[in-house]
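Trainee: Okay, so here is target-v6.cif, and as you'll see once you scroll down, it has mmCIF, N, CA and C atoms.
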data_query
#
loop_
_atom_site.label_atom_id
_atom_site.label_comp_id
_atom_site.auth_asym_id
_atom_site.auth_seq_id
_atom_site.Cartn_x
_atom_site.Cartn_y
_atom_site.Cartn_z
N MET A 1 20.36 -5.93 12.86
CA MET A 1 18.98 -5.88 12.45
C MET A 1 18.24 -7.06 13.09
N ARG A 2 17.07 -6.78 13.57
CA ARG A 2 16.20 -7.83 14.08
C ARG A 2 15.11 -8.04 13.05
N GLY A 3 14.94 -9.27 12.60
CA GLY A 3 13.98 -9.59 11.55
C GLY A 3 12.53 -9.38 11.96
N MET A 4 11.65 -9.69 11.04
CA MET A 4 10.22 -9.47 11.19
C MET A 4 9.59 -10.62 11.96
N HIS A 5 9.35 -10.41 13.26
CA HIS A 5 8.88 -11.46 14.16
C HIS A 5 7.44 -11.24 14.57
N PHE A 6 6.79 -12.34 14.98
CA PHE A 6 5.43 -12.33 15.51
C PHE A 6 5.15 -13.68 16.14
N GLN A 7 4.08 -13.76 16.92
CA GLN A 7 3.61 -15.03 17.46
C GLN A 7 2.26 -15.34 16.82
N THR A 8 2.08 -16.62 16.46
CA THR A 8 0.84 -17.06 15.82
C THR A 8 -0.20 -17.47 16.86
N PRO A 9 -1.48 -17.54 16.43
CA PRO A 9 -2.54 -18.01 17.33
C PRO A 9 -2.26 -19.44 17.79
N PRO A 10 -2.65 -19.78 18.99
CA PRO A 10 -3.43 -18.98 19.93
C PRO A 10 -2.59 -18.13 20.87
N ALA A 11 -1.31 -17.96 20.57
CA ALA A 11 -0.41 -17.20 21.45
C ALA A 11 -0.05 -15.84 20.87
N GLU A 12 -0.83 -15.35 19.90
CA GLU A 12 -0.52 -14.05 19.31
C GLU A 12 -0.56 -12.96 20.38
N HIS A 13 0.12 -11.87 20.11
CA HIS A 13 0.08 -10.78 21.07
C HIS A 13 0.28 -9.42 20.39
N ALA A 14 -0.23 -8.43 21.06
CA ALA A 14 0.05 -7.04 20.72
C ALA A 14 1.31 -6.65 21.49
N LYS A 15 2.00 -5.61 21.00
CA LYS A 15 3.23 -5.16 21.66
C LYS A 15 3.20 -3.65 21.84
N LEU A 16 3.77 -3.22 22.93
CA LEU A 16 4.10 -1.82 23.12
C LEU A 16 5.62 -1.78 23.17
N VAL A 17 6.22 -1.06 22.23
CA VAL A 17 7.67 -1.03 22.09
C VAL A 17 8.17 0.37 22.44
N TYR A 18 9.16 0.44 23.32
CA TYR A 18 9.77 1.72 23.64
C TYR A 18 11.25 1.50 23.90
N PHE A 19 11.98 2.60 24.05
CA PHE A 19 13.43 2.54 24.03
C PHE A 19 14.03 3.15 25.26
N LEU A 20 15.07 2.50 25.74
CA LEU A 20 15.78 2.96 26.92
C LEU A 20 17.06 3.69 26.54
N ALA A 21 17.61 3.37 25.37
CA ALA A 21 18.84 4.03 24.91
C ALA A 21 18.96 3.86 23.41
N GLY A 22 19.65 4.80 22.77
CA GLY A 22 19.94 4.70 21.35
C GLY A 22 18.78 5.13 20.47
N GLU A 23 18.81 4.65 19.24
CA GLU A 23 17.79 4.99 18.25
C GLU A 23 17.63 3.82 17.29
N ILE A 24 16.39 3.52 16.91
CA ILE A 24 16.16 2.47 15.95
C ILE A 24 15.17 2.93 14.88
N LEU A 25 15.21 2.22 13.77
CA LEU A 25 14.20 2.34 12.73
C LEU A 25 13.32 1.12 12.89
N ASP A 26 12.09 1.33 13.30
CA ASP A 26 11.15 0.25 13.58
C ASP A 26 10.22 0.08 12.37
N VAL A 27 9.96 -1.17 11.99
CA VAL A 27 9.10 -1.45 10.84
C VAL A 27 8.02 -2.44 11.27
N VAL A 28 6.77 -2.12 10.90
CA VAL A 28 5.61 -2.96 11.22
C VAL A 28 4.94 -3.36 9.91
N LEU A 29 4.64 -4.65 9.77
CA LEU A 29 4.06 -5.21 8.55
C LEU A 29 2.73 -5.87 8.90
N ASP A 30 1.66 -5.47 8.22
CA ASP A 30 0.31 -6.00 8.48
C ASP A 30 0.16 -7.37 7.81
N LEU A 31 -0.13 -8.40 8.62
CA LEU A 31 -0.31 -9.77 8.12
C LEU A 31 -1.76 -10.24 8.24
N ARG A 32 -2.69 -9.33 8.54
CA ARG A 32 -4.09 -9.70 8.79
C ARG A 32 -4.88 -9.79 7.47
N LYS A 33 -5.26 -11.01 7.10
CA LYS A 33 -6.06 -11.21 5.88
C LYS A 33 -7.35 -10.39 5.99
N GLY A 34 -7.72 -9.73 4.91
CA GLY A 34 -8.93 -8.90 4.89
C GLY A 34 -8.71 -7.48 5.36
N SER A 35 -7.53 -7.17 5.87
CA SER A 35 -7.22 -5.82 6.31
C SER A 35 -7.02 -4.91 5.10
N PRO A 36 -7.49 -3.66 5.19
CA PRO A 36 -7.24 -2.75 4.07
C PRO A 36 -5.75 -2.44 3.88
N THR A 37 -4.93 -2.76 4.87
CA THR A 37 -3.48 -2.52 4.74
C THR A 37 -2.68 -3.84 4.75
N PHE A 38 -3.33 -4.98 4.43
CA PHE A 38 -2.64 -6.26 4.39
C PHE A 38 -1.42 -6.17 3.47
N GLY A 39 -0.27 -6.63 3.95
CA GLY A 39 0.96 -6.64 3.16
C GLY A 39 1.67 -5.31 3.09
N GLU A 40 1.09 -4.28 3.72
CA GLU A 40 1.73 -2.97 3.74
C GLU A 40 2.53 -2.80 5.03
N TYR A 41 3.49 -1.91 4.98
CA TYR A 41 4.34 -1.66 6.14
C TYR A 41 4.32 -0.17 6.48
N ARG A 42 4.72 0.10 7.71
CA ARG A 42 4.94 1.47 8.18
C ARG A 42 6.27 1.48 8.92
N GLU A 43 6.98 2.58 8.80
CA GLU A 43 8.26 2.73 9.48
C GLU A 43 8.20 3.88 10.46
N PHE A 44 8.96 3.75 11.55
CA PHE A 44 9.00 4.75 12.61
C PHE A 44 10.41 4.84 13.15
N LYS A 45 10.92 6.04 13.31
CA LYS A 45 12.21 6.25 13.96
C LYS A 45 11.91 6.56 15.43
N LEU A 46 12.47 5.75 16.32
CA LEU A 46 12.14 5.85 17.74
C LEU A 46 13.39 5.98 18.59
N SER A 47 13.27 6.79 19.63
CA SER A 47 14.38 6.97 20.56
C SER A 47 13.84 7.52 21.87
N PRO A 48 14.59 7.34 22.97
CA PRO A 48 14.15 7.92 24.24
C PRO A 48 14.15 9.44 24.21
N GLU A 49 15.05 10.04 23.44
CA GLU A 49 15.10 11.50 23.35
C GLU A 49 13.82 12.05 22.71
N ALA A 50 13.28 11.33 21.73
CA ALA A 50 12.03 11.75 21.09
C ALA A 50 10.84 11.47 22.00
N GLY A 51 11.03 10.57 22.97
CA GLY A 51 9.95 10.26 23.90
C GLY A 51 8.80 9.51 23.26
N ASN A 52 9.08 8.78 22.18
CA ASN A 52 8.01 8.09 21.49
C ASN A 52 8.07 6.58 21.72
N SER A 53 6.97 5.94 21.43
CA SER A 53 6.85 4.49 21.50
C SER A 53 5.87 4.08 20.40
N ILE A 54 5.69 2.78 20.23
CA ILE A 54 4.77 2.31 19.20
C ILE A 54 3.96 1.14 19.74
N TYR A 55 2.68 1.14 19.42
CA TYR A 55 1.78 0.03 19.72
C TYR A 55 1.63 -0.79 18.44
N ILE A 56 1.88 -2.08 18.54
CA ILE A 56 1.79 -2.98 17.39
C ILE A 56 0.66 -3.97 17.64
N PRO A 57 -0.39 -3.91 16.84
CA PRO A 57 -1.53 -4.81 17.08
C PRO A 57 -1.22 -6.26 16.74
N MET A 58 -2.06 -7.16 17.28
CA MET A 58 -1.96 -8.58 16.93
C MET A 58 -2.09 -8.72 15.42
N GLY A 59 -1.34 -9.64 14.87
CA GLY A 59 -1.41 -9.89 13.43
C GLY A 59 -0.46 -9.07 12.61
N CYS A 60 0.46 -8.39 13.28
CA CYS A 60 1.47 -7.60 12.57
C CYS A 60 2.86 -8.12 12.93
N ALA A 61 3.72 -8.19 11.92
CA ALA A 61 5.12 -8.54 12.14
C ALA A 61 5.88 -7.27 12.51
N HIS A 62 6.95 -7.45 13.27
CA HIS A 62 7.71 -6.32 13.77
C HIS A 62 9.20 -6.62 13.67
N GLY A 63 9.95 -5.65 13.15
CA GLY A 63 11.39 -5.77 13.09
C GLY A 63 12.02 -4.39 13.19
N PHE A 64 13.33 -4.35 13.39
CA PHE A 64 13.97 -3.04 13.49
C PHE A 64 15.44 -3.11 13.13
N LEU A 65 15.96 -1.94 12.81
CA LEU A 65 17.37 -1.74 12.54
C LEU A 65 17.90 -0.76 13.57
N SER A 66 18.94 -1.14 14.27
CA SER A 66 19.57 -0.25 15.23
C SER A 66 20.35 0.83 14.47
N LEU A 67 20.11 2.07 14.81
CA LEU A 67 20.79 3.19 14.16
C LEU A 67 21.96 3.72 14.99
N THR A 68 22.11 3.20 16.20
CA THR A 68 23.22 3.56 17.08
C THR A 68 23.79 2.29 17.69
N ASP A 69 25.01 2.39 18.20
CA ASP A 69 25.66 1.22 18.80
C ASP A 69 25.09 0.85 20.16
N ASP A 70 24.35 1.75 20.78
CA ASP A 70 23.90 1.53 22.15
C ASP A 70 22.38 1.37 22.27
N SER A 71 21.73 0.87 21.27
CA SER A 71 20.27 0.75 21.30
C SER A 71 19.82 -0.31 22.30
N VAL A 72 18.85 0.06 23.11
CA VAL A 72 18.22 -0.86 24.06
C VAL A 72 16.72 -0.73 23.89
N VAL A 73 16.09 -1.83 23.45
CA VAL A 73 14.66 -1.86 23.14
C VAL A 73 13.95 -2.63 24.24
N HIS A 74 12.75 -2.16 24.61
CA HIS A 74 11.97 -2.84 25.64
C HIS A 74 10.56 -3.06 25.11
N TYR A 75 9.99 -4.25 25.35
CA TYR A 75 8.64 -4.59 24.90
C TYR A 75 7.75 -4.87 26.10
N LYS A 76 6.50 -4.53 25.95
CA LYS A 76 5.43 -5.03 26.81
C LYS A 76 4.52 -5.79 25.86
N VAL A 77 4.16 -7.03 26.19
CA VAL A 77 3.32 -7.84 25.31
C VAL A 77 2.09 -8.34 26.06
N THR A 78 1.05 -8.70 25.30
CA THR A 78 -0.21 -9.10 25.91
C THR A 78 -0.33 -10.60 26.14
N SER A 79 0.69 -11.38 25.80
CA SER A 79 0.68 -12.81 26.07
C SER A 79 2.10 -13.25 26.42
N MET A 80 2.20 -14.44 26.95
CA MET A 80 3.51 -14.99 27.30
C MET A 80 4.22 -15.46 26.03
N TYR A 81 5.53 -15.48 26.11
CA TYR A 81 6.33 -16.01 25.01
C TYR A 81 6.02 -17.50 24.84
N ALA A 82 5.74 -17.90 23.61
CA ALA A 82 5.43 -19.29 23.29
C ALA A 82 6.36 -19.73 22.16
N PRO A 83 7.43 -20.44 22.46
CA PRO A 83 8.40 -20.81 21.43
C PRO A 83 7.79 -21.51 20.21
N ALA A 84 6.78 -22.35 20.41
CA ALA A 84 6.16 -23.06 19.29
C ALA A 84 5.39 -22.11 18.36
N ASN A 85 5.04 -20.93 18.85
CA ASN A 85 4.28 -19.96 18.07
C ASN A 85 5.13 -18.78 17.62
N ASP A 86 6.41 -18.84 17.86
CA ASP A 86 7.32 -17.76 17.50
C ASP A 86 7.73 -17.95 16.05
N HIS A 87 7.30 -17.02 15.18
CA HIS A 87 7.56 -17.12 13.75
C HIS A 87 8.09 -15.80 13.21
N GLY A 88 8.42 -15.80 11.94
CA GLY A 88 8.91 -14.58 11.31
C GLY A 88 8.82 -14.66 9.80
N LEU A 89 9.08 -13.53 9.19
CA LEU A 89 9.15 -13.43 7.73
C LEU A 89 10.52 -12.88 7.35
N LEU A 90 10.97 -13.23 6.18
CA LEU A 90 12.26 -12.74 5.71
C LEU A 90 12.24 -11.22 5.64
N TRP A 91 13.18 -10.61 6.27
CA TRP A 91 13.24 -9.16 6.43
C TRP A 91 13.27 -8.41 5.10
N SER A 92 13.74 -9.05 4.04
CA SER A 92 13.90 -8.38 2.74
C SER A 92 12.81 -8.75 1.74
N SER A 93 11.70 -9.36 2.19
CA SER A 93 10.74 -9.95 1.25
C SER A 93 9.45 -9.17 1.04
N PHE A 94 9.34 -7.98 1.60
CA PHE A 94 8.05 -7.29 1.52
C PHE A 94 8.14 -5.87 0.97
N GLY A 95 9.25 -5.52 0.38
CA GLY A 95 9.36 -4.25 -0.34
C GLY A 95 9.93 -3.08 0.42
N PHE A 96 10.24 -3.24 1.70
CA PHE A 96 10.81 -2.13 2.45
C PHE A 96 12.27 -1.96 2.08
N GLY A 97 12.71 -0.72 1.88
CA GLY A 97 14.09 -0.41 1.56
C GLY A 97 14.89 -0.10 2.81
N TRP A 98 15.41 -1.14 3.45
CA TRP A 98 16.21 -0.93 4.66
C TRP A 98 17.41 -0.05 4.32
N PRO A 99 17.72 0.95 5.15
CA PRO A 99 18.80 1.89 4.83
C PRO A 99 20.20 1.39 5.22
N THR A 100 20.51 0.20 4.75
CA THR A 100 21.84 -0.36 4.99
C THR A 100 22.16 -1.33 3.86
N ASP A 101 23.41 -1.36 3.46
CA ASP A 101 23.83 -2.28 2.41
C ASP A 101 24.30 -3.62 2.94
N HIS A 102 24.72 -3.64 4.21
CA HIS A 102 25.29 -4.85 4.79
C HIS A 102 24.75 -5.07 6.20
N PRO A 103 23.47 -5.44 6.32
CA PRO A 103 22.92 -5.63 7.66
C PRO A 103 23.50 -6.88 8.33
N ILE A 104 23.61 -6.81 9.63
CA ILE A 104 23.98 -7.99 10.41
C ILE A 104 22.67 -8.63 10.84
N VAL A 105 22.39 -9.81 10.28
CA VAL A 105 21.12 -10.50 10.48
C VAL A 105 21.41 -11.92 10.96
N SER A 106 20.64 -12.40 11.93
CA SER A 106 20.86 -13.74 12.46
C SER A 106 20.55 -14.80 11.41
N ASP A 107 21.13 -15.98 11.57
CA ASP A 107 20.84 -17.11 10.68
C ASP A 107 19.35 -17.44 10.73
N ARG A 108 18.75 -17.37 11.90
CA ARG A 108 17.32 -17.65 12.05
C ARG A 108 16.50 -16.68 11.21
N ASP A 109 16.82 -15.39 11.29
CA ASP A 109 16.06 -14.40 10.53
C ASP A 109 16.27 -14.54 9.03
N MET A 110 17.42 -15.03 8.60
CA MET A 110 17.68 -15.25 7.18
C MET A 110 16.90 -16.46 6.64
N ALA A 111 16.49 -17.37 7.53
CA ALA A 111 15.81 -18.60 7.12
C ALA A 111 14.28 -18.47 7.09
N HIS A 112 13.74 -17.35 7.53
CA HIS A 112 12.28 -17.19 7.53
C HIS A 112 11.73 -17.17 6.10
N PRO A 113 10.46 -17.56 5.92
CA PRO A 113 9.87 -17.53 4.58
C PRO A 113 9.62 -16.11 4.09
N ARG A 114 9.48 -15.98 2.78
CA ARG A 114 9.14 -14.70 2.16
C ARG A 114 7.65 -14.42 2.39
N LEU A 115 7.28 -13.16 2.39
CA LEU A 115 5.88 -12.78 2.56
C LEU A 115 5.00 -13.49 1.52
N ASP A 116 5.41 -13.53 0.27
CA ASP A 116 4.62 -14.15 -0.79
C ASP A 116 4.40 -15.65 -0.58
N ASP A 117 5.25 -16.28 0.20
CA ASP A 117 5.16 -17.72 0.44
C ASP A 117 4.49 -18.07 1.76
N TYR A 118 4.04 -17.07 2.49
CA TYR A 118 3.50 -17.29 3.83
C TYR A 118 1.98 -17.23 3.82
N ASP A 119 1.33 -18.25 4.38
CA ASP A 119 -0.13 -18.26 4.52
C ASP A 119 -0.46 -17.78 5.93
N SER A 120 -0.81 -16.52 6.04
CA SER A 120 -1.03 -15.90 7.34
C SER A 120 -2.22 -16.50 8.07
N PRO A 121 -2.07 -16.77 9.38
CA PRO A 121 -3.19 -17.27 10.19
C PRO A 121 -4.02 -16.13 10.81
N PHE A 122 -3.66 -14.89 10.49
CA PHE A 122 -4.33 -13.74 11.10
C PHE A 122 -5.44 -13.20 10.19
N PHE A 123 -6.52 -12.74 10.82
CA PHE A 123 -7.66 -12.18 10.08
C PHE A 123 -8.05 -10.85 10.68
N TYR A 124 -8.29 -9.90 9.84
CA TYR A 124 -8.69 -8.55 10.25
C TYR A 124 -10.05 -8.59 10.93
N GLY A 125 -10.16 -7.91 12.05
CA GLY A 125 -11.42 -7.83 12.78
C GLY A 125 -11.66 -8.96 13.76
N GLU A 126 -10.73 -9.89 13.88
CA GLU A 126 -10.90 -10.99 14.85
C GLU A 126 -10.08 -10.74 16.08
#
Give the structure from this file in structure tokens form.
Mentor:
Amino acid sequence: MRGMHFQTPPAEHAKLVYFLAGEILDVVLDLRKGSPTFGEYREFKLSPEAGNSIYIPMGCAHGFLSLTDDSVVHYKVTSMYAPANDHGLLWSSFGFGWPTDHPIVSDRDMAHPRLDDYDSPFFYGE
């Protein structure tokens, strides 16, 4: 499982996510203050066979669960990677029911703050 990641201003970015192999369950969480969907998530099952991809706007966290052993995910982003602006939220802190009892999650992703404890720097309409 890859936790809920995003980049903060001024290095925030939108993402286009698509798949070269396998299948994943992709989850997007709205972090934009003032958004009618702030704190809500959407899930998408994506694979090359389905021919689908997802556009993730700035101000949304993104994470996924690999549903096959051979998943290969590819991103196009609107800004360069900025390590100082690379942040995340705890994958289990926003109400989504991940379909696994024992996810393999990195130590970094386990250390992210909970959604309720995070003061988002993103604003809807900006």
Trainee: What's the 12 Å shell around Ser35 in chain A, counting only C-alpha atoms, without same-chain residues fewer than 6 positions away, as an mmCIF file with N, CA and C atoms, in the frame of the given file?
Mentor:
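Full text of around-v7.cif as output:
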data_model
loop_
_atom_site.group_PDB
_atom_site.id
_atom_site.type_symbol
_atom_site.label_atom_id
_atom_site.label_comp_id
_atom_site.auth_asym_id
_atom_site.auth_seq_id
_atom_site.Cartn_x
_atom_site.Cartn_y
_atom_site.Cartn_z
ATOM 1 N N LEU A 29 4.640 -4.650 9.770
ATOM 2 C CA LEU A 29 4.060 -5.210 8.550
ATOM 3 C C LEU A 29 2.730 -5.870 8.900
ATOM 4 N N GLY A 59 -1.340 -9.640 14.870
ATOM 5 C CA GLY A 59 -1.410 -9.890 13.430
ATOM 6 C C GLY A 59 -0.460 -9.070 12.610
ATOM 7 N N CYS A 60 0.460 -8.390 13.280
ATOM 8 C CA CYS A 60 1.470 -7.600 12.570
ATOM 9 C C CYS A 60 2.860 -8.120 12.930
ATOM 10 N N SER A 120 -0.810 -16.520 6.040
ATOM 11 C CA SER A 120 -1.030 -15.900 7.340
ATOM 12 C C SER A 120 -2.220 -16.500 8.070
ATOM 13 N N PHE A 122 -3.660 -14.890 10.490
ATOM 14 C CA PHE A 122 -4.330 -13.740 11.100
ATOM 15 C C PHE A 122 -5.440 -13.200 10.190
ATOM 16 N N PHE A 123 -6.520 -12.740 10.820
ATOM 17 C CA PHE A 123 -7.660 -12.180 10.080
ATOM 18 C C PHE A 123 -8.050 -10.850 10.680
ATOM 19 N N TYR A 124 -8.290 -9.900 9.840
ATOM 20 C CA TYR A 124 -8.690 -8.550 10.250
ATOM 21 C C TYR A 124 -10.050 -8.590 10.930
ATOM 22 N N GLY A 125 -10.160 -7.910 12.050
ATOM 23 C CA GLY A 125 -11.420 -7.830 12.780
ATOM 24 C C GLY A 125 -11.660 -8.960 13.760
ATOM 25 N N GLU A 126 -10.730 -9.890 13.880
ATOM 26 C CA GLU A 126 -10.900 -10.990 14.850
ATOM 27 C C GLU A 126 -10.080 -10.740 16.080
#
Trainee: Given the choices A:Ile24, A:Val72, A:Leu90, A:Leu16, which gets closest to Ile54 in chain A if the distance is worked out from only C-alpha atoms?
Mentor: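 So, comparing all the options, the nearest one is A:Leu16.
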Trainee: For the helix (DSSP H, G or I) assignment from backbone DSSP, which residues of range 8-126 of chain A qualify? Please present them as a list in words.
Mentor: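 Residues of range 8-126 of chain A classed as helix (DSSP H, G or I): Pro83, Ala84, Asn85, Asp107, Arg108, Asp109, Met110, Leu115, Asp116 and Asp117 of chain A.
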Trainee: Can you list what the PyMOL selection byres ((chain A and resi 64) around 5) grabs from this structure, as a list in words?
Mentor: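 With the shown file as input, the PyMOL selection byres ((chain A and resi 64) around 5) matches Met1, Arg2, Leu25, Asp26, Val27, His62, Gly63, Leu65 and Ser66 of chain A.
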Trainee: Name the residues that the PyMOL selection byres ((chain A and resi 76) around 7) pulls out of this structure, and write them as an MDAnalysis selection string.
Mentor: chainID A and resid 14:18 74:75 77:79
Trainee: Once the PyMOL selection byres ((chain A and resi 81-85) around 6.5) is applied to the coordinates I shared, what remains selected? I want it as a list in words.
Mentor: Phe6, Gln7, Thr8, Pro9, Ala11, Ser79, Met80, Asp86 and His87 of chain A
Trainee: Quick one: distance from CA of Pro48 in chain A to atom N of His102 in chain A in Å, one decimal?
Mentor: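 Separation of CA of Pro48 in chain A and atom N of His102 in chain A: 25.4 Å.
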Trainee: Point out the residue among A:Gly95, A:Glu49, A:Glu12, A:Met58 with the least atom-to-atom distance to Asp30 in chain A, counting only C-alpha atoms.
Mentor: A:Met58
Trainee: Using only C-alpha atoms, which of A:Phe19, A:Trp91, A:Phe96, A:Tyr41 sits nearest Pro113 in chain A?
Mentor: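 So, comparing all the options, the nearest one is A:Trp91.
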Trainee: Report, in Å with one decimal, the straight-line distance from CA of Leu31 in chain A to CA of Val105 in chain A.
Mentor: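 Between CA of Leu31 in chain A and CA of Val105 in chain A the gap works out to 21.6 Å.
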Trainee: Within 10 Å of Asp70 in chain A, counting only C-alpha atoms, which residues show up once you throw out same-chain ones fewer than 2 positions away? Write them as a ChimeraX atom specification, please.
Mentor: /A:20-24,66-68,72-73
Trainee: So how many Å separate CA of His13 in chain A and atom C of Pro57 in chain A, to one decimal?
Mentor: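 Separation between CA of His13 in chain A and atom C of Pro57 in chain A: 6.4 Å.
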